[in-house]
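Asker: Starting off with a structure, shown below.
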Amino acid sequence: LNRRLAEFGTTVFAEMSALALRTGAINLGQGFPDTDGPEEVREAAVRALRDGRGNQYPPGPGIPELRTAIAAHQQRRYGLSVDPDTEVLVTAGATEAIAASLLALVEPGDEVIALEPYYDSYAASIAMAGGTRVPVTLRPAEGRFRLDLDELRDAVTDRTRLLLINTPHNPTGTVLTREELASIAELAVERDLLVVTDEVYEHLVFDDAEHIPLASFPGMRDRTVTISSAGKTFSFTGWKVGWAIGSRELVTAVRTAKQYLTYVSAGPFQYAIAEALRLPDSYFDGFRADLRRKRDLLGDGLRAAGFEVYQPQGTYFITTDITPFGEKDAYAFCRALPERCGVVAIPNSVFYDDPDAGRSQVRFTFCKRDEILDEATSRLQRLA
Ligand code: PMP
Ligand code: GLN
């Protein structure tokens, strides 16, 4: 393994899912639903396969039907106009979109600012691009993880090339507010920075929280790559259909890198997701309502079991603190959890550069059937 990747072993998601398989524990670690997405979308994939659509290499930027549907979705949800021919790129999940964006836009030695705790592929993709990661830590205050705008401002140096933003945010579940996003946008304009914004949980927002695309703020359209994925919105994480949206210049750059990573992917599934994006609002509203209910089910269960719970406004994750159990090492806690009570979770400590910062945080996912959540929380009561 070369020096750039030396610090990256096995991703914590693979490690913890393997632990769940080995022990037979309930897996509330890796974020994947245990109920597949809409029947009509699965049918659309079967039809595409059967009709021979997408069984051979699809076009490099993605099939026109999907690019048009992605552009129409940005218009319908956010009033953003996007040219499907030049401003949309279909990728092998959001993961590839993130990697290709960083490989295309970062020069070796450039600094990339990322919100911490950060999704683990950010650190690896920055490293593969030869960049230097500069974390800005979200800290809990008044019930949610907050961005300290002064800290963000202070993190920018003459070598900063790019801000890597994620909202709704994995693992904390925080949804950046209009004010926070406006300040990020002002800073990007003032310091002439590029922005890559990971919005894969754009449809998973609860209560009064609202997802506002960073690209919609003044001065952002031409400096922002917006990334999303069908995996989260439609519960097909195995299909790996994602996309990047941005100006022609930025998307052309990202496409240049993407061509030599996978070239293309997911032919028949692209046809299916083109249909999924056109589902009526009732699908998106119903999905969100269902997850909100599950959030409360798991949140109540975790509180009853003795965890300190940070209420998420978005995503399908709940970050907790294990200090009330007299524990302070999340990694050790998660490794022992299957044996202690038959549940798997994710230690947030791996998403921080400073190992002390998130040492006592543990993340649970609630994208599971109600009976699974019930069983998991009743098992967790044994910790008390
Ligand atoms: N970004 C975030 C914040 C995520 O949580 C995930 C996890 N699925 C991804 C990107 C990757 O998305 P995909 O599965 O589409 O590659
Ligand atoms: N995004 C998923 C999570 O945060 C995991 C995806 C993966 O395993 N790479 O749980």
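Ordered as shown in the structure tokens, chains take letters A, B, and onward, while each chain numbers its residues from 1 and ligands are numbered from 1 in the order shown.
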Set the distance at 8 Å and use only C-alpha atoms: which residues neighbour Ser235 of chain A once local chain neighbours fewer than 2 positions away are removed? I'd like the list as a ChimeraX atom specification.

Answerer: /A:32-33,35-37,230-233,237

Asker: Write as a PDB file with C-alpha atoms, in the first residue's frame the residues around ligand 2, taking 6 Å as the cut-off and counting only C-alpha atoms and all ligand atoms.

Answerer:
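Generated file (pocket-v2.pdb):
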ATOM      1  CA  PHE A  13     -18.683  -0.227   7.667  1.00  0.00           C
ATOM      2  CA  GLN A  30     -23.865   0.254   8.121  1.00  0.00           C
ATOM      3  CA  GLY A  31     -26.637   2.398   6.657  1.00  0.00           C
TER       4      GLY A  31
END

Asker: Could you give me, as a tab-separated table, a per-residue list for chain A showing, wherever an atom lies at most 6 Å from an atom of ligand 1, the closest pair of atoms and their distance in Å to one decimal, using only C-alpha atoms and all ligand atoms and sorting by chain then residue number from low to high?

Answerer:
residue	atom	partner	partner_atom_place_in_ligand_line	distance
A:Gly93	CA	ligand 1	15 (O)	3.4
A:Ala94	CA	ligand 1	15 (O)	3.8
A:Thr95	CA	ligand 1	16 (O)	3.7
A:Tyr119	CA	ligand 1	3 (C)	5.6
A:Asn170	CA	ligand 1	3 (C)	5.0
A:Asp198	CA	ligand 1	1 (N)	5.9
A:Val200	CA	ligand 1	1 (N)	5.9
A:Ser229	CA	ligand 1	15 (O)	4.6
A:Gly231	CA	ligand 1	15 (O)	5.2
A:Thr237	CA	ligand 1	14 (O)	5.4
A:Lys240	CA	ligand 1	15 (O)	5.3
A:Gly242	CA	ligand 1	15 (O)	5.2

Asker: Which of segment 39-189 of chain A end up as strand (DSSP E) when DSSP is run on this backbone - answer as a ChimeraX atom specification?

Answerer: /A:88-92,111-116,132-137,139-141,144-146,160-166

Asker: Skip Ala257 of chain A itself and residues of its chain fewer than 2 positions away, then list as a list in words all residues within 10 Å of it, counting only C-alpha atoms.

Answerer: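 Here the qualifying residues turn out to be Glu96, Ala97, Ala99, Ala100, Ser101, Leu102, Leu103, Ala104, Leu105, Thr252, Ala253, Val254, Arg255, Gln259, Tyr260, Leu261, Thr262 and Tyr263 of chain A.
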
Asker: Please produce a file of the residues just selected, as a short mmCIF file (atom, residue, chain, number, x, y, z; two decimals), in the first residue's frame, where the atoms kept are N, CA and C atoms.

Answerer:
data_model
loop_
_atom_site.label_atom_id
_atom_site.label_comp_id
_atom_site.auth_asym_id
_atom_site.auth_seq_id
_atom_site.Cartn_x
_atom_site.Cartn_y
_atom_site.Cartn_z
N GLU A 96 -18.28 7.34 -6.04
CA GLU A 96 -17.43 7.65 -7.19
C GLU A 96 -17.48 9.13 -7.53
N ALA A 97 -18.64 9.74 -7.36
CA ALA A 97 -18.75 11.17 -7.66
C ALA A 97 -17.81 11.98 -6.76
N ALA A 99 -15.02 10.81 -5.24
CA ALA A 99 -13.63 10.51 -5.61
C ALA A 99 -13.25 11.24 -6.90
N ALA A 100 -14.12 11.15 -7.92
CA ALA A 100 -13.81 11.77 -9.21
C ALA A 100 -13.72 13.29 -9.07
N SER A 101 -14.58 13.89 -8.23
CA SER A 101 -14.53 15.35 -8.05
C SER A 101 -13.20 15.76 -7.45
N LEU A 102 -12.77 15.03 -6.43
CA LEU A 102 -11.52 15.41 -5.77
C LEU A 102 -10.32 15.14 -6.69
N LEU A 103 -10.34 14.00 -7.39
CA LEU A 103 -9.24 13.70 -8.31
C LEU A 103 -9.15 14.74 -9.42
N ALA A 104 -10.31 15.27 -9.81
CA ALA A 104 -10.32 16.22 -10.93
C ALA A 104 -9.99 17.64 -10.50
N LEU A 105 -10.29 18.00 -9.26
CA LEU A 105 -10.25 19.41 -8.88
C LEU A 105 -9.12 19.78 -7.93
N THR A 252 -17.34 18.73 -16.70
CA THR A 252 -16.39 18.20 -17.68
C THR A 252 -15.13 17.70 -16.97
N ALA A 253 -14.69 18.46 -15.98
CA ALA A 253 -13.50 18.05 -15.22
C ALA A 253 -13.76 16.74 -14.48
N VAL A 254 -14.90 16.67 -13.79
CA VAL A 254 -15.22 15.46 -13.02
C VAL A 254 -15.37 14.26 -13.97
N ARG A 255 -15.96 14.52 -15.12
CA ARG A 255 -16.15 13.43 -16.08
C ARG A 255 -14.81 12.89 -16.59
N GLN A 259 -14.16 8.92 -16.24
CA GLN A 259 -13.97 8.04 -17.40
C GLN A 259 -12.97 6.93 -17.15
N TYR A 260 -11.94 7.27 -16.32
CA TYR A 260 -10.86 6.31 -16.13
C TYR A 260 -10.96 5.57 -14.80
N LEU A 261 -12.04 5.83 -14.07
CA LEU A 261 -12.30 5.05 -12.86
C LEU A 261 -13.18 3.87 -13.23
N THR A 262 -14.39 4.16 -13.69
CA THR A 262 -15.31 3.08 -14.06
C THR A 262 -15.79 3.16 -15.50
N TYR A 263 -15.55 4.33 -16.15
CA TYR A 263 -16.10 4.66 -17.46
C TYR A 263 -17.62 4.79 -17.35
#

Asker: Can you pull out every residue within 8 Å of Asn55 of chain A, counting only C-alpha atoms, but drop anything in the same chain fewer than 6 positions away, and send it as JSON, numbers by chain?

Answerer: {"A": [49, 267, 268]}
